Structures are given as structure tokens and as C-alpha cells.
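Here is the file input.txt (compact mmCIF, C-alpha atoms).
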# COMPACT_ATOMS: atom_id res chain seq x y z
CA MET A 1 -21.48 -29.27 -66.04
CA ARG A 2 -24.16 -31.01 -68.09
CA MET A 3 -26.22 -33.26 -65.87
CA ASN A 4 -27.07 -36.73 -67.00
CA LYS A 5 -29.83 -38.91 -65.60
CA GLU A 6 -27.56 -40.62 -63.08
CA LEU A 7 -26.43 -37.31 -61.66
CA THR A 8 -29.97 -35.95 -61.28
CA LEU A 9 -31.03 -39.12 -59.49
CA ASP A 10 -27.95 -38.90 -57.26
CA ILE A 11 -28.98 -35.36 -56.28
CA GLN A 12 -32.42 -36.64 -55.38
CA ALA A 13 -30.98 -39.58 -53.42
CA TYR A 14 -28.74 -37.12 -51.56
CA LEU A 15 -31.84 -35.11 -50.61
CA ASP A 16 -33.62 -38.27 -49.41
CA ASN A 17 -30.60 -39.61 -47.49
CA GLU A 18 -30.57 -42.63 -49.74
CA LEU A 19 -26.99 -42.50 -51.00
CA ALA A 20 -25.20 -45.68 -50.07
CA SER A 21 -21.66 -44.54 -49.33
CA GLU A 22 -19.89 -41.62 -47.68
CA ALA A 23 -17.91 -41.16 -50.87
CA ASP A 24 -21.13 -40.64 -52.87
CA ILE A 25 -22.44 -38.16 -50.31
CA LYS A 26 -19.22 -36.13 -50.51
CA ARG A 27 -19.22 -36.24 -54.32
CA VAL A 28 -22.78 -34.90 -54.60
CA ALA A 29 -22.22 -32.27 -51.89
CA LYS A 30 -19.21 -31.02 -53.84
CA LEU A 31 -21.21 -30.96 -57.07
CA LEU A 32 -23.98 -28.92 -55.44
CA ALA A 33 -21.46 -26.44 -54.12
CA GLN A 34 -19.81 -25.98 -57.50
CA ASP A 35 -22.55 -26.37 -60.08
CA GLY A 36 -25.35 -23.78 -60.35
CA GLU A 37 -27.72 -25.97 -62.35
CA ALA A 38 -27.29 -28.88 -59.93
CA SER A 39 -27.89 -26.53 -57.02
CA LEU A 40 -31.07 -25.15 -58.62
CA LEU A 41 -32.39 -28.64 -59.25
CA TYR A 42 -31.65 -29.61 -55.65
CA LYS A 43 -33.57 -26.55 -54.45
CA GLU A 44 -36.59 -27.37 -56.64
CA LEU A 45 -36.73 -30.93 -55.33
CA LYS A 46 -36.28 -29.79 -51.74
CA ASP A 47 -38.94 -27.07 -51.99
CA THR A 48 -41.42 -29.48 -53.56
CA ARG A 49 -40.80 -31.99 -50.80
CA GLU A 50 -41.33 -29.31 -48.14
CA ILE A 51 -44.55 -28.10 -49.74
CA LEU A 52 -45.94 -31.63 -49.80
CA ALA A 53 -44.92 -32.53 -46.26
CA GLY A 54 -47.95 -32.59 -44.00
CA ASN A 55 -50.16 -31.08 -46.66
CA GLU A 56 -52.08 -34.05 -47.91
CA LEU A 57 -55.76 -33.20 -48.28
CA PRO A 58 -57.69 -35.08 -45.59
CA ALA A 59 -60.59 -37.04 -47.04
CA LYS A 60 -63.72 -38.06 -45.16
CA LEU A 61 -65.79 -41.14 -45.78
CA PRO A 62 -68.64 -40.32 -48.16
CA GLU A 63 -71.06 -42.49 -46.15
CA SER A 64 -72.10 -42.78 -42.50
CA GLY A 65 -69.83 -44.60 -40.09
CA GLU A 66 -72.63 -47.02 -39.14
CA PHE A 67 -73.31 -47.98 -42.74
CA TYR A 68 -69.60 -48.40 -43.40
CA TRP A 69 -69.18 -50.62 -40.34
CA SER A 70 -72.22 -52.73 -41.18
CA GLY A 71 -70.60 -53.60 -44.52
CA ILE A 72 -67.40 -54.67 -42.76
CA ARG A 73 -69.28 -56.69 -40.12
CA ARG A 74 -71.35 -58.52 -42.74
CA ALA A 75 -68.22 -59.43 -44.68
CA ILE A 76 -66.50 -60.69 -41.53
CA GLU A 77 -69.54 -62.76 -40.57
CA ARG A 78 -69.66 -64.23 -44.07
CA GLU A 79 -65.98 -65.16 -43.82
CA ASN A 80 -66.44 -66.63 -40.35
CA ALA A 81 -69.47 -68.71 -41.26
CA PRO A 82 -68.57 -72.39 -40.83
CA ARG A 83 -68.26 -74.17 -44.09
CA VAL A 84 -70.49 -77.28 -44.15
CA ALA A 85 -68.65 -80.31 -45.40
CA VAL A 86 -70.60 -82.68 -47.63
CA VAL A 87 -70.47 -86.18 -46.12
CA HIS A 88 -71.57 -89.11 -48.29
CA ASP A 89 -73.22 -91.84 -46.23
CA THR A 90 -74.90 -93.54 -49.21
CA PRO A 91 -73.19 -96.27 -51.25
CA TRP A 92 -71.45 -95.17 -54.44
CA TRP A 93 -73.73 -97.16 -56.75
CA ILE A 94 -76.81 -95.33 -55.43
CA ARG A 95 -75.10 -92.00 -56.04
CA VAL A 96 -74.47 -93.12 -59.64
CA LEU A 97 -77.86 -94.70 -60.15
CA VAL A 98 -79.93 -91.76 -58.94
CA PRO A 99 -78.71 -89.29 -61.58
CA LEU A 100 -79.01 -91.97 -64.27
CA ALA A 101 -82.61 -92.63 -63.23
CA GLY A 102 -83.24 -88.90 -63.38
CA VAL A 103 -81.87 -88.74 -66.91
CA ALA A 104 -84.03 -91.70 -67.92
CA CYS A 105 -87.14 -90.01 -66.48
CA VAL A 106 -86.42 -86.81 -68.34
CA GLY A 107 -85.91 -88.84 -71.54
CA LEU A 108 -89.27 -90.56 -71.11
CA LEU A 109 -91.00 -87.29 -70.37
CA LEU A 110 -89.51 -85.66 -73.44
CA SER A 111 -90.54 -88.54 -75.69
CA GLY A 112 -94.09 -88.29 -74.28
CA ILE A 113 -94.20 -84.58 -74.99
CA GLY A 114 -92.85 -85.27 -78.48
CA ILE A 115 -95.76 -87.61 -79.23
CA MET A 116 -98.34 -85.19 -77.88
CA THR A 117 -96.94 -82.22 -79.78
CA LEU A 118 -96.59 -83.93 -83.15
CA GLY A 119 -98.16 -82.01 -86.05
CA GLY A 120 -101.80 -82.48 -87.11
CA LYS A 121 -100.86 -85.22 -89.49
CA GLY A 122 -99.14 -87.33 -86.97
CA ARG A 123 -101.80 -86.77 -84.38
CA SER A 124 -104.76 -87.62 -86.62
CA ALA A 125 -102.87 -90.66 -87.86
CA TYR A 126 -102.64 -91.79 -84.27
CA LEU A 127 -106.30 -91.05 -83.57
CA HIS A 128 -107.59 -92.52 -86.82
CA GLU A 129 -106.17 -95.92 -86.11
CA ILE A 130 -109.25 -98.05 -85.59
CA GLU A 131 -109.40 -101.74 -85.12
CA THR A 132 -112.36 -103.73 -86.24
CA SER A 133 -113.03 -107.41 -86.02
CA ILE A 134 -115.65 -107.33 -88.77
CA ASP A 135 -114.23 -108.50 -92.10
CA ASP A 136 -116.99 -107.04 -94.26
CA ALA A 137 -117.06 -103.63 -92.72
CA SER A 138 -115.18 -100.39 -93.30
CA ALA A 139 -114.92 -97.32 -91.12
CA ILE A 140 -114.35 -93.58 -91.62
CA SER A 141 -113.48 -91.39 -88.70
CA PHE A 142 -113.49 -87.63 -88.15
CA HIS A 143 -111.75 -85.81 -85.38
CA SER A 144 -112.27 -82.18 -84.41
CA GLN A 145 -109.44 -80.92 -82.27
CA SER A 146 -111.18 -77.64 -81.43
CA GLN A 147 -114.31 -79.35 -80.17
CA GLY A 148 -112.54 -82.34 -78.72
CA MET A 149 -114.83 -84.71 -80.64
CA THR A 150 -114.29 -87.84 -82.70
CA VAL A 151 -116.98 -89.33 -84.93
CA VAL A 152 -116.63 -92.80 -86.45
CA TRP A 153 -118.87 -94.11 -89.30
CA VAL A 154 -118.93 -97.85 -89.60
CA LYS A 155 -120.31 -99.29 -92.85
CA ASP A 156 -121.39 -102.91 -93.03
CA TYR A 157 -121.40 -104.36 -96.61
CA ASN A 158 -123.57 -107.32 -95.60
CA PRO A 159 -127.26 -106.73 -96.40
CA MET B 1 -61.17 -62.13 -13.73
CA THR B 2 -61.82 -59.94 -16.77
CA THR B 3 -62.43 -56.22 -16.53
CA LYS B 4 -65.04 -54.61 -18.73
CA LEU B 5 -63.53 -52.28 -21.29
CA ASN B 6 -64.55 -48.68 -21.66
CA TYR B 7 -64.06 -48.87 -25.43
CA PRO B 8 -63.99 -45.18 -26.41
CA ALA B 9 -61.47 -44.41 -23.69
CA GLU B 10 -59.07 -47.30 -24.27
CA PRO B 11 -55.84 -46.87 -26.24
CA ASP B 12 -55.43 -48.70 -29.57
CA VAL B 13 -53.08 -51.26 -28.03
CA LYS B 14 -55.71 -52.44 -25.57
CA LEU B 15 -58.43 -52.53 -28.21
CA VAL B 16 -56.20 -54.55 -30.52
CA LYS B 17 -55.52 -57.08 -27.75
CA ALA B 18 -59.24 -57.42 -27.10
CA ALA B 19 -59.99 -57.73 -30.82
CA GLN B 20 -57.31 -60.41 -31.15
CA LYS B 21 -59.35 -62.44 -28.67
CA GLY B 22 -62.42 -62.02 -30.85
CA ASP B 23 -63.94 -58.88 -29.32
CA MET B 24 -65.85 -57.40 -32.25
CA VAL B 25 -66.86 -54.28 -30.30
CA ALA B 26 -63.20 -53.44 -29.74
CA PHE B 27 -62.57 -53.86 -33.45
CA GLU B 28 -65.56 -51.65 -34.26
CA GLU B 29 -64.04 -48.95 -32.08
CA LEU B 30 -60.74 -49.23 -33.99
CA VAL B 31 -62.62 -48.90 -37.27
CA ALA B 32 -64.47 -45.82 -35.98
CA ARG B 33 -61.18 -44.20 -34.93
CA HIS B 34 -59.22 -44.79 -38.10
CA ARG B 35 -61.77 -45.24 -40.89
CA ASP B 36 -61.27 -41.73 -42.32
CA LYS B 37 -57.50 -42.09 -42.49
CA ILE B 38 -57.70 -45.50 -44.15
CA TYR B 39 -60.34 -44.32 -46.58
CA ALA B 40 -58.26 -41.20 -47.34
CA ARG B 41 -55.23 -43.32 -48.25
CA ALA B 42 -57.32 -45.52 -50.54
CA PHE B 43 -58.89 -42.47 -52.14
CA SER B 44 -55.56 -40.70 -52.66
CA MET B 45 -54.28 -43.72 -54.55
CA LEU B 46 -57.40 -44.73 -56.49
CA ARG B 47 -59.03 -41.29 -56.99
CA ASN B 48 -62.49 -42.86 -56.95
CA GLU B 49 -64.89 -42.59 -53.99
CA GLU B 50 -66.76 -45.84 -54.56
CA GLU B 51 -63.63 -47.92 -55.17
CA ALA B 52 -61.91 -46.32 -52.19
CA THR B 53 -64.87 -47.11 -49.91
CA ASP B 54 -65.09 -50.75 -51.05
CA LEU B 55 -61.37 -51.29 -50.90
CA SER B 56 -60.92 -49.69 -47.49
CA GLN B 57 -63.70 -51.94 -46.15
CA GLU B 58 -61.92 -54.93 -47.65
CA ALA B 59 -58.75 -53.78 -45.88
CA TRP B 60 -60.58 -53.82 -42.53
CA VAL B 61 -61.90 -57.32 -43.20
CA LYS B 62 -58.36 -58.49 -44.04
CA ALA B 63 -57.07 -56.81 -40.89
CA TRP B 64 -59.60 -58.71 -38.77
CA GLN B 65 -58.52 -61.99 -40.35
CA ARG B 66 -54.82 -61.26 -39.80
CA LEU B 67 -55.12 -59.57 -36.45
CA VAL B 68 -53.29 -62.38 -34.66
CA GLN B 69 -50.27 -61.65 -36.86
CA PHE B 70 -50.05 -58.08 -35.59
CA GLN B 71 -47.17 -58.02 -33.13
CA GLY B 72 -47.13 -54.30 -32.37
CA ASP B 73 -43.84 -53.57 -34.19
CA SER B 74 -45.50 -50.48 -35.62
CA SER B 75 -48.64 -48.63 -34.55
CA PHE B 76 -51.93 -50.30 -35.40
CA VAL B 77 -52.88 -47.55 -37.84
CA THR B 78 -49.54 -47.86 -39.67
CA TRP B 79 -50.05 -51.62 -39.98
CA MET B 80 -53.60 -51.05 -41.15
CA THR B 81 -52.49 -48.45 -43.71
CA ARG B 82 -49.96 -50.92 -45.13
CA ILE B 83 -52.73 -53.47 -45.69
CA CYS B 84 -54.79 -50.83 -47.44
CA ILE B 85 -51.84 -49.74 -49.62
CA ASN B 86 -51.17 -53.33 -50.69
CA LEU B 87 -54.80 -53.80 -51.71
CA CYS B 88 -54.72 -50.51 -53.63
CA LEU B 89 -51.57 -51.58 -55.45
CA ASP B 90 -53.18 -54.91 -56.40
CA GLN B 91 -56.24 -53.05 -57.66
CA LEU B 92 -54.15 -50.57 -59.66
CA ARG B 93 -52.14 -53.40 -61.19
CA LYS B 94 -55.38 -55.07 -62.29
CA GLN B 95 -56.60 -51.83 -63.81
CA LYS B 96 -53.31 -51.27 -65.57
CA ARG B 97 -53.57 -54.63 -67.28
CA VAL B 98 -56.72 -53.47 -69.08
CA ARG B 99 -55.44 -49.99 -69.80
CA THR B 100 -53.34 -48.90 -72.75
CA ASP B 101 -50.42 -46.72 -71.84
CA SER B 102 -50.03 -43.52 -73.80
CA ILE B 103 -46.76 -42.64 -75.50
CA GLU B 104 -46.24 -39.92 -72.92
CA GLN B 105 -46.62 -42.44 -70.12
CA MET B 106 -44.14 -44.77 -71.77
CA GLU B 107 -41.63 -41.93 -72.04
CA GLU B 108 -42.20 -41.10 -68.40
CA GLU B 109 -41.56 -44.72 -67.51
CA VAL B 110 -38.20 -44.89 -69.23
CA GLY B 111 -37.23 -41.42 -68.06
CA GLY B 112 -35.96 -38.45 -69.99
CA VAL B 113 -39.01 -36.17 -70.11
CA GLU B 114 -38.36 -34.86 -66.62
CA ARG B 115 -34.84 -33.79 -67.50
CA GLN B 116 -36.12 -31.53 -70.27
CA MET B 117 -38.43 -29.62 -67.93
CA PRO B 118 -37.25 -26.17 -66.83
CA ILE B 119 -36.29 -25.89 -63.18
CA ILE B 120 -39.05 -24.30 -61.14
CA THR B 121 -38.71 -22.93 -57.66
CA PRO B 122 -42.00 -22.89 -55.81
CA ASN B 123 -41.82 -20.69 -52.77
CA PRO B 124 -42.71 -22.67 -49.64
CA THR B 125 -42.88 -19.51 -47.55
CA GLU B 126 -45.55 -17.96 -49.77
CA ARG B 127 -48.54 -17.01 -47.65
CA ILE B 128 -51.24 -19.39 -48.78
CA GLU B 129 -53.97 -20.62 -46.55
CA ARG B 130 -53.25 -24.25 -45.63
CA GLY B 131 -56.61 -25.55 -46.82
CA GLU B 132 -56.11 -23.91 -50.20
CA LEU B 133 -52.60 -25.30 -50.52
CA ARG B 134 -53.91 -28.78 -49.74
CA GLN B 135 -56.57 -28.40 -52.42
CA ARG B 136 -53.92 -27.38 -54.96
CA ILE B 137 -51.68 -30.28 -54.04
CA ASP B 138 -54.57 -32.71 -54.31
CA LYS B 139 -55.55 -31.37 -57.72
CA ALA B 140 -51.96 -31.65 -58.93
CA LEU B 141 -51.69 -35.21 -57.57
CA GLY B 142 -54.79 -36.08 -59.56
CA GLN B 143 -52.97 -35.09 -62.75
CA LEU B 144 -50.14 -37.56 -62.26
CA SER B 145 -50.22 -41.06 -63.67
CA TYR B 146 -50.97 -43.66 -61.03
CA GLU B 147 -47.36 -44.91 -60.96
CA HIS B 148 -45.98 -41.45 -60.23
CA ARG B 149 -48.70 -40.55 -57.77
CA THR B 150 -48.22 -43.84 -55.89
CA VAL B 151 -44.46 -43.40 -55.58
CA LEU B 152 -44.93 -39.85 -54.37
CA ILE B 153 -47.57 -40.84 -51.82
CA LEU B 154 -45.53 -43.74 -50.50
CA HIS B 155 -42.40 -41.63 -50.20
CA GLU B 156 -43.69 -38.23 -49.09
CA PHE B 157 -46.74 -39.15 -47.06
CA GLU B 158 -46.02 -42.70 -45.90
CA GLU B 159 -42.29 -42.00 -45.58
CA LEU B 160 -41.22 -45.31 -47.05
CA GLU B 161 -37.66 -45.83 -48.27
CA TYR B 162 -36.84 -46.50 -51.93
CA LYS B 163 -36.23 -50.18 -51.19
CA GLU B 164 -39.58 -50.63 -49.47
CA ILE B 165 -41.45 -48.83 -52.27
CA ALA B 166 -39.72 -51.00 -54.89
CA LYS B 167 -40.77 -54.12 -53.01
CA ARG B 168 -44.38 -53.04 -52.73
CA MET B 169 -44.64 -51.82 -56.30
CA GLU B 170 -42.79 -54.86 -57.64
CA CYS B 171 -40.23 -52.83 -59.57
CA SER B 172 -36.55 -51.94 -59.30
CA ILE B 173 -35.12 -49.23 -57.03
CA GLY B 174 -33.95 -47.45 -60.19
CA THR B 175 -37.53 -47.29 -61.45
CA VAL B 176 -38.70 -45.93 -58.09
CA MET B 177 -36.03 -43.21 -58.27
CA SER B 178 -36.97 -42.25 -61.84
CA ARG B 179 -40.68 -42.16 -61.03
CA LEU B 180 -40.15 -40.14 -57.88
CA PHE B 181 -37.93 -37.69 -59.73
CA TYR B 182 -40.47 -37.24 -62.50
CA ALA B 183 -43.35 -36.93 -60.01
CA ARG B 184 -41.59 -34.23 -58.00
CA ARG B 185 -40.65 -32.23 -61.08
CA LYS B 186 -44.17 -32.49 -62.46
CA MET B 187 -45.64 -31.43 -59.12
CA ALA B 188 -43.33 -28.42 -59.04
CA ALA B 189 -44.49 -27.48 -62.53
CA LEU B 190 -48.17 -28.03 -61.73
CA LEU B 191 -48.04 -26.03 -58.51
CA ALA B 192 -46.20 -23.20 -60.23
CA GLY B 193 -48.73 -23.35 -63.07
CA LEU B 194 -51.61 -22.99 -60.66
CA LYS B 195 -49.99 -19.90 -59.22
CA ARG B 196 -49.67 -18.33 -62.66
CA GLU B 197 -53.32 -19.13 -63.44
CA GLU B 198 -54.39 -17.30 -60.32
CA LEU B 199 -52.44 -14.17 -61.24
CA ARG B 200 -54.35 -13.72 -64.50
Please render this file's structure as C-alpha cells.
Amino acid sequence: MRMNKELTLDIQAYLDNELASEADIKRVAKLLAQDGEASLLYKELKDTREILAGNELPAKLPESGEFYWSGIRRAIERENAPRVAVVHDTPWWIRVLVPLAGVACVGLLLSGIGIMTLGGKGRSAYLHEIETSIDDASAISFHSQSQGMTVVWVKDYNP
Amino acid sequence: MTTKLNYPAEPDVKLVKAAQKGDMVAFEELVARHRDKIYARAFSMLRNEEEATDLSQEAWVKAWQRLVQFQGDSSFVTWMTRICINLCLDQLRKQKRVRTDSIEQMEEEVGGVERQMPIITPNPTERIERGELRQRIDKALGQLSYEHRTVLILHEFEELEYKEIAKRMECSIGTVMSRLFYARRKMAALLAGLKREELR
């Protein structure tokens, strides 16, 4: 008799005592008694099961028991640590205002840095701005960034 | 009045009761007693020392958290092993999501390959040293896909029924039966193959 998938699985279920009904058990028992191929398959499955039974390779931890336990204990302590609830006792408008003030401060700081780090042109333009109250006078200024020095020449056209 | 426990001498049941009340020393003793068995189960399923160590530790942490749920319906070590198996299955499912199945694996899943294999009759009475036989079995288990190895482990070593395996592996009983059938036939072939190799 040619065995189909259902039959082979029935033979296995018979071996594992997993067939649902008495009728199924009798049917498979009869098949095994009459069919050589079915009987051979049953024997292979049974032998394999017997070889495996109680013959699992025992494995030992690859690290010391103390080290292993310390990992478990730490994890348990972490899990058990009380979680601190955040309680807000400040009014809502302060909680809103504080971050806004922070943003404003950062903005001011950045704009200050922007002025200080402007290119040579921008910087000398800033430093060259000279006010004079004398109508008949002109001024020329020189600034040396490396020496940190500024020289201003003031020329008076009045004799 | 409470009596002081002599931890190494106490049975599991007493240690579990103490641990359920928060006695960490009692729990440490349980870990020391069963750590190798729990690690071995994780290793047999994952086939990776580091993963098996981490996962078995995680299983102990979970056990501590759920200790109050343990009613003693089974032995402590059986309960503990079940926790470890569930974590292994979760881990394997995660790994499977990022793995591409080969055509051979897909054929194994739907069945059919195992029926084309010639019938092999390993001789269980053959005189092989037990340690050597265990090594051979372990090597053969390592050659199975994780689905087949898991079904075989759960059925042959953990002695779970088809229904229970299907529940844990989140598949149908029919799939469990097909996988178990394939795994057994492949094991028979692998063990017979090892014998032939040795004769050369």
C-alpha cells in the first residue's frame, strides 16, 4: 500500500499515543500488521525516539556560578528599584516660561557670537566707526587684530 | 516564630516558599541548583553560548518576578524550564523575522521531503559509549532547522503533547506533526550517516 502523508503522520501519532479515537488506533494497528513499508517506517520512528530518550547532551554554564548569579541579582535589583514619580509643585505658567526664557537666552548668546565672529570686513567696519564732534576734521583709523591695537589719525583742516 | 533555613539542605518546595516571601538567599540557592539545566535547555534551542547565558539569566529574573504565581502544580524546575522555553521561542521568532528561509526549509515546512527519504533503522542496542552517543545526537540536532529542532526537543526531551507544542510554537497541530515527522526522519538519517562515516 502506498503511504500518503496522512498515513505516515497517523503512524507517528500512533507511536506517540496521540490518536484521538479507538477506531483510529485499530486502523493503524491493522495497517502496521499488514503493510511492510508502514511497519518499517514505524520501526524507524520508534528506534529514533528510543535513541534520543535520556540522551540529551548535558551542557554546563560557560561562566562561574557567582558571576552568573551576580548578573541575575543586579537585574532583579534594577527591576525592584522604586520608580520616582515626578511631582509638579510649580504653577504651569512658570513651567512654560522657564523653557521660553532659556530659548531666549540661547538666541541672545548666538546673536552675540554671530557679531563677534563676523568676517574681517564686518569687524573692521564696526571698529572703524568713529564719532567726532569737530566739523572741520577728518579721521583715519587702523586696526591690527594680531597686535590688538587701534590707531586713529585725526586731521584738523583749520590752520 | 521563624526558623532559620539551612539553605543547601532544604528541598525546592521550602526554598520556593521562602523566595516567595522575598528571601533572595533562598532564590540564589534555587539558581545554584538548577542553573545548568536551565542553561542547557536554552543552549539546546539557541545553539549559542552567549545568547543562552543571557536568556537563561533573563528567565531567572522573570521567575523571580512571577514567583507568587507558582502554585506547585508542577515541580519548580519544570515551571522554570517552561519560562526559559517561552523566552527561547520568542527569541527564535525574532531571529526568524530577519532571516530568509531557504527553498529547502520551505519544502520542509510544507512537508513532502521527509516522505522521499529512504527508511533507516538505527540500532538502539548497538554498543556505543553513552557520552559518545550524546555527542552524536547533539551534533545531529545542530544540523536541524530551528523549527524542527524545537519540536523535537519539546516532544522528546520535555515530553510535551502535540497540542501543548502547537500552543507554544503558535502553529497548528498538523504543522507540529509534520515538523516532528521530518525531524525524526532527518535524525535517523544523520545518526546512520555518522555511523557510516566512522566505518571508513
Could you list, with a cut-off of 8 Å and counting only C-alpha atoms, the residues of chain A near chain B, each shown with its nearest atom pair and the distance in Å rounded to one decimal, rows sorted by chain and ascending number, as JSON lines?
{"residue": "A:Lys5", "atom": "CA", "partner": "B:Arg115", "partner_atom": "CA", "distance": 7.4}
{"residue": "A:Leu9", "atom": "CA", "partner": "B:Met177", "partner_atom": "CA", "distance": 6.6}
{"residue": "A:Gln12", "atom": "CA", "partner": "B:Phe181", "partner_atom": "CA", "distance": 7.1}
{"residue": "A:Ala13", "atom": "CA", "partner": "B:Met177", "partner_atom": "CA", "distance": 7.9}
{"residue": "A:Glu18", "atom": "CA", "partner": "B:Tyr162", "partner_atom": "CA", "distance": 7.7}
{"residue": "A:Leu40", "atom": "CA", "partner": "B:Ile119", "partner_atom": "CA", "distance": 7.0}
{"residue": "A:Leu41", "atom": "CA", "partner": "B:Ile119", "partner_atom": "CA", "distance": 6.2}
{"residue": "A:Lys43", "atom": "CA", "partner": "B:Thr121", "partner_atom": "CA", "distance": 7.1}
{"residue": "A:Glu44", "atom": "CA", "partner": "B:Thr121", "partner_atom": "CA", "distance": 5.0}
{"residue": "A:Leu45", "atom": "CA", "partner": "B:Arg184", "partner_atom": "CA", "distance": 6.5}
{"residue": "A:Asp47", "atom": "CA", "partner": "B:Pro124", "partner_atom": "CA", "distance": 6.3}
{"residue": "A:Thr48", "atom": "CA", "partner": "B:Ala188", "partner_atom": "CA", "distance": 5.9}
{"residue": "A:Arg49", "atom": "CA", "partner": "B:Glu156", "partner_atom": "CA", "distance": 7.1}
{"residue": "A:Glu50", "atom": "CA", "partner": "B:Pro124", "partner_atom": "CA", "distance": 6.9}
{"residue": "A:Ile51", "atom": "CA", "partner": "B:Pro124", "partner_atom": "CA", "distance": 5.7}
{"residue": "A:Leu52", "atom": "CA", "partner": "B:Glu156", "partner_atom": "CA", "distance": 7.0}
{"residue": "A:Ala53", "atom": "CA", "partner": "B:Glu156", "partner_atom": "CA", "distance": 6.5}
{"residue": "A:Gly54", "atom": "CA", "partner": "B:Phe157", "partner_atom": "CA", "distance": 7.3}
{"residue": "A:Asn55", "atom": "CA", "partner": "B:Arg134", "partner_atom": "CA", "distance": 5.4}
{"residue": "A:Glu56", "atom": "CA", "partner": "B:Arg134", "partner_atom": "CA", "distance": 5.9}
{"residue": "A:Leu57", "atom": "CA", "partner": "B:Arg134", "partner_atom": "CA", "distance": 5.0}
{"residue": "A:Pro58", "atom": "CA", "partner": "B:Ala40", "partner_atom": "CA", "distance": 6.4}
{"residue": "A:Ala59", "atom": "CA", "partner": "B:Ala40", "partner_atom": "CA", "distance": 4.8}
{"residue": "A:Lys60", "atom": "CA", "partner": "B:Asp36", "partner_atom": "CA", "distance": 5.2}
{"residue": "A:Leu61", "atom": "CA", "partner": "B:Asp36", "partner_atom": "CA", "distance": 5.7}
{"residue": "A:Pro62", "atom": "CA", "partner": "B:Glu49", "partner_atom": "CA", "distance": 7.3}
{"residue": "A:Gly65", "atom": "CA", "partner": "B:Ala32", "partner_atom": "CA", "distance": 6.9}
{"residue": "A:Tyr68", "atom": "CA", "partner": "B:Gln57", "partner_atom": "CA", "distance": 7.4}
{"residue": "A:Trp69", "atom": "CA", "partner": "B:Glu28", "partner_atom": "CA", "distance": 7.2}
{"residue": "A:Gly71", "atom": "CA", "partner": "B:Gln57", "partner_atom": "CA", "distance": 7.3}
{"residue": "A:Ile72", "atom": "CA", "partner": "B:Gln57", "partner_atom": "CA", "distance": 5.7}
{"residue": "A:Ala75", "atom": "CA", "partner": "B:Val61", "partner_atom": "CA", "distance": 6.8}
{"residue": "A:Ile76", "atom": "CA", "partner": "B:Val61", "partner_atom": "CA", "distance": 5.9}
Query raised in the report: Using all atoms listed in the file, which of B:Cys84, B:Leu144, B:Ala183, B:Ala19 sits nearest Arg168 in chain B?
Result: B:Cys84
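Here CA of Leu46 in chain B and CA of Cys88 in chain B stand 7.0 Å from one another.
Counting all atoms listed in the file, the residue from B:Ile165, B:Leu190, B:Val13, B:Cys171 that sits nearest to Ser74 in chain B is B:Val13.
For the pair CA of Met149 in chain A and CA of Ser111 in chain A, the interatomic distance is 25.1 Å.
Coordinates place CA of Gly142 in chain B at a distance of 10.6 Å from CA of Asn48 in chain B.
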Report task. Rank nothing, just name the residue among B:Ala192, B:Val68, B:Leu15, B:Leu154 nearest to Thr81 in chain B, using all atoms listed in the file. Result -> B:Leu154
Query - Given only C-alpha atoms as the counted atoms, nearest of B:Met45, B:Leu89, B:Leu67, B:Met80 to Lys167 in chain B - result: B:Leu89
